[in-house]
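This report concerns only the one structure given below.
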Amino acid sequence: NSAAKAPPTPSPLRFSKFFQSNMRILVTGGAGFIGSHLVDRLMENEKNEVIVADNYFTGSKDNLKKWIGHPRFELIRHDVTEPLLVEVDQIYHLACPASPIFYKYNPVKTIKTNVIGTLNMLGLAKRVGARILLTSTSEVYGDPLIHPQNESYWGNVNPIGVRSCYDEGKRVAETLMFDYHRQHGIEIRIARIFNTYGPRMNIDDGRVVSNFIAQAIRNEPLTVQAPGTQTRSFCYVSDMVDGLIRLMEGENTGPINIGNPGEFTMIELAETVKELINPEVKIISVENTPDDPRQRKPDITKAKEMLGWEPKIKLRDGLPLMKEDFRQRLGVPRKN
Ligand code: NAD
Ligand code: UDP
Ligand code: UDP
């Protein structure tokens, strides 16, 4: 049809140094939790050169320390709300604070990151002819009126609430992605990520899994926010990274849900953490925050069909893998 323009000619610069065989990949937000695990996986492939752009708002150089100084790796302190000039073949655009504590801290900045940041990365993709993947979120479904959520559901989102800078921000980011695709022929990929957990989660970002693991290790009560019957579905980070790479490498634009459909109430999660990490710990009920979705579970039929992907790691197997990392960062000695 006449609306879509031909894809832009890729920049000749992209092949200047490594001559076609190498892939130069930009990861925005690569110093964060999911981003740093993604970088680890991309760096395993010797044909990949990885550039991380991050402003360290919620991420840390520590997460990337094993790659600093590596000849195929580059780390740039950069805020995606400012234009960025680099020559790359692929862009994984993750930059955005992900937990309510951090995205509500400066909501205007959060919406700028989602809107202006995504616009800049699309402008970059357009200039160099790169393929771009956006990490969107299950929060685009808001407090969902259908369960489980599939990609054709449009969501039930409050446009003026305290979470709106994040969920409406991501919705606009998705719109921008599709408009650049339709109008400029940009190759886009959209992942709708559901709750993800694993080592390197920010310890004090208030997420339920990081809170419970830290509390269990410090021998403090596990704080279940009332009523405790609300559900979430938790995906281990290595499964998430695998899904993101498959989406980038595949032919489907998405949006595609990536998450683990195993659904748990917060009370069940607390009991599992207690059993696996510290059987001595108490579980208490505390007050909740506004607009907390009551249930969330991905329908991953599309990811299975289109990407041949499904998560491998069960919650009971993933939680213990966080223990050593959290113990070290919390400075709590190992019990003999
Ligand atoms: P994270 O906070 O650990 O990582 C985000 C990274 O982006 C950090 O390193 C941060 O410093 C960086 N950043 C933030 N604003 C920036 C800006 N303006 N310019 C440059 N860098 C900036 O979070 P995460 O859990 O790794 O999330 C990564 C992505 O996945 C985010 O886009 C998030 O919305 C999405 N996501 C995560 C989850 C989850 O459960 N963790 C769920 C849904 C979606
Ligand atoms: N942009 C960028 N890097 C680039 C090319 C563009 O950061 O290599 C930014 C640019 O500053 C602009 C945005 O991306 O704000 C959108 O670019 P586009 O070319 O689509 O729009 P225009 O510049 O015409 O507004
Ligand atoms: N939650 C909890 N105890 C905590 C932190 C969170 O019970 O210490 C609950 C929270 O009320 C919500 C669920 O855990 O129902 C998931 O919260 P989180 O902030 O981890 O993720 P999101 O709400 O973004 O899915």
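To be explicit about the labels: the chains of the structure tokens are called A, B, and onward in the order shown, and within each one the residues are counted from 1, while ligands get numbers from 1 in the order they are shown.
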
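Taking only C-alpha atoms and all ligand atoms into account, the protein and nucleic acid residues that come at most 7 Å from ligand 2 are Glu82, Pro83, Leu84, Leu85, Val86, Leu119, Asn120, Met121, Leu122, Gly123, Leu124, Lys126, Arg127 and Val128 of chain A.
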
For ligand 1, return the neighbouring residues as an MDAnalysis selection string (distance at most 7 Å; only C-alpha atoms and all ligand atoms).
chainID A and resid 28:35 53:60 78:81 94:99 113 117 135:138 192:197 201:202

Please write out the residues within 6 Å of ligand 3 as a PyMOL selection string, counting only C-alpha atoms and all ligand atoms.
chain A and resi 195+206-208+211+223-225+230+266+288+292

For the selection you just gave me, I'd like the residues written to a file as a PDB file, in the first residue's frame, keeping C-alpha atoms.
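File written: selection01.pdb
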```pdb
ATOM      1  CA  ASN A 195       7.405  -9.526  35.913  1.00  0.00           C
ATOM      2  CA  GLY A 206      10.547  -2.300  46.295  1.00  0.00           C
ATOM      3  CA  ARG A 207       9.729  -5.124  43.840  1.00  0.00           C
ATOM      4  CA  VAL A 208       8.121  -8.057  45.529  1.00  0.00           C
ATOM      5  CA  ASN A 211      11.993  -7.404  48.802  1.00  0.00           C
ATOM      6  CA  THR A 223       5.906  -7.898  53.863  1.00  0.00           C
ATOM      7  CA  VAL A 224       2.865  -9.168  51.951  1.00  0.00           C
ATOM      8  CA  GLN A 225       0.840  -6.166  50.782  1.00  0.00           C
ATOM      9  CA  GLN A 230      -3.364 -10.539  44.147  1.00  0.00           C
ATOM     10  CA  MET A 266       1.718 -12.909  46.934  1.00  0.00           C
ATOM     11  CA  ASN A 288      -0.864  -1.761  49.652  1.00  0.00           C
ATOM     12  CA  ASP A 292      -2.295  -2.238  42.269  1.00  0.00           C
TER      13      ASP A 292
END
```

Any chance you could list, as number ranges by chain, the residues in stretch 30-261 of chain A that come up strand (DSSP E or B) when DSSP is run on the backbone?
A: 48-54, 73-77, 90-93, 131-137, 142, 149, 156, 188-193, 196-197, 222-225, 231-233, 235-236, 256-258

Determine, counting only C-alpha atoms, which protein, DNA and RNA residues have an atom within 8 Å of an atom of A:Leu133; residues of the same chain fewer than 4 positions away are not included. Present the result as a PyMOL selection string.
chain A and resi 91-93+188-191+248

Write out as a list in words which residues come within 7 Å of stretch 61-74 of chain A when counting only C-alpha atoms, dropping same-chain ones fewer than 5 positions away.
Ala31, Ser36, Glu49, Val50, Ile51 and Val52 of chain A

Just to be explicit: take each residue in the selection above, keep N, CA and C atoms, and write the result as a PDB file, in the first residue's frame.
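Saved the output as out.pdb:
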```
ATOM      1  N   ALA A  31      22.992  -1.150  31.618  1.00  0.00           N
ATOM      2  CA  ALA A  31      23.601  -1.295  32.944  1.00  0.00           C
ATOM      3  C   ALA A  31      22.565  -1.733  33.980  1.00  0.00           C
ATOM      4  N   SER A  36      21.793  -5.921  31.603  1.00  0.00           N
ATOM      5  CA  SER A  36      23.143  -6.471  31.815  1.00  0.00           C
ATOM      6  C   SER A  36      23.168  -7.975  31.529  1.00  0.00           C
ATOM      7  N   GLU A  49      29.516  -6.921  18.576  1.00  0.00           N
ATOM      8  CA  GLU A  49      30.159  -5.814  19.267  1.00  0.00           C
ATOM      9  C   GLU A  49      29.032  -5.085  19.985  1.00  0.00           C
ATOM     10  N   VAL A  50      29.173  -4.814  21.274  1.00  0.00           N
ATOM     11  CA  VAL A  50      28.053  -4.276  22.046  1.00  0.00           C
ATOM     12  C   VAL A  50      28.382  -2.879  22.586  1.00  0.00           C
ATOM     13  N   ILE A  51      27.458  -1.953  22.357  1.00  0.00           N
ATOM     14  CA  ILE A  51      27.569  -0.604  22.929  1.00  0.00           C
ATOM     15  C   ILE A  51      26.417  -0.433  23.910  1.00  0.00           C
ATOM     16  N   VAL A  52      26.731  -0.061  25.146  1.00  0.00           N
ATOM     17  CA  VAL A  52      25.683   0.225  26.129  1.00  0.00           C
ATOM     18  C   VAL A  52      25.595   1.736  26.318  1.00  0.00           C
TER      19      VAL A  52
END
```

Residues near A:Ala226, anyone? I mean within 8 Å using only C-alpha atoms, not counting same-chain ones fewer than 6 positions away, as a PyMOL selection string.
chain A and resi 285-288

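Distance check against A:Ile267 using only C-alpha atoms: of A:Thr231, A:Ser238, A:Gln215, A:Asn252, the minimum falls on A:Thr231.
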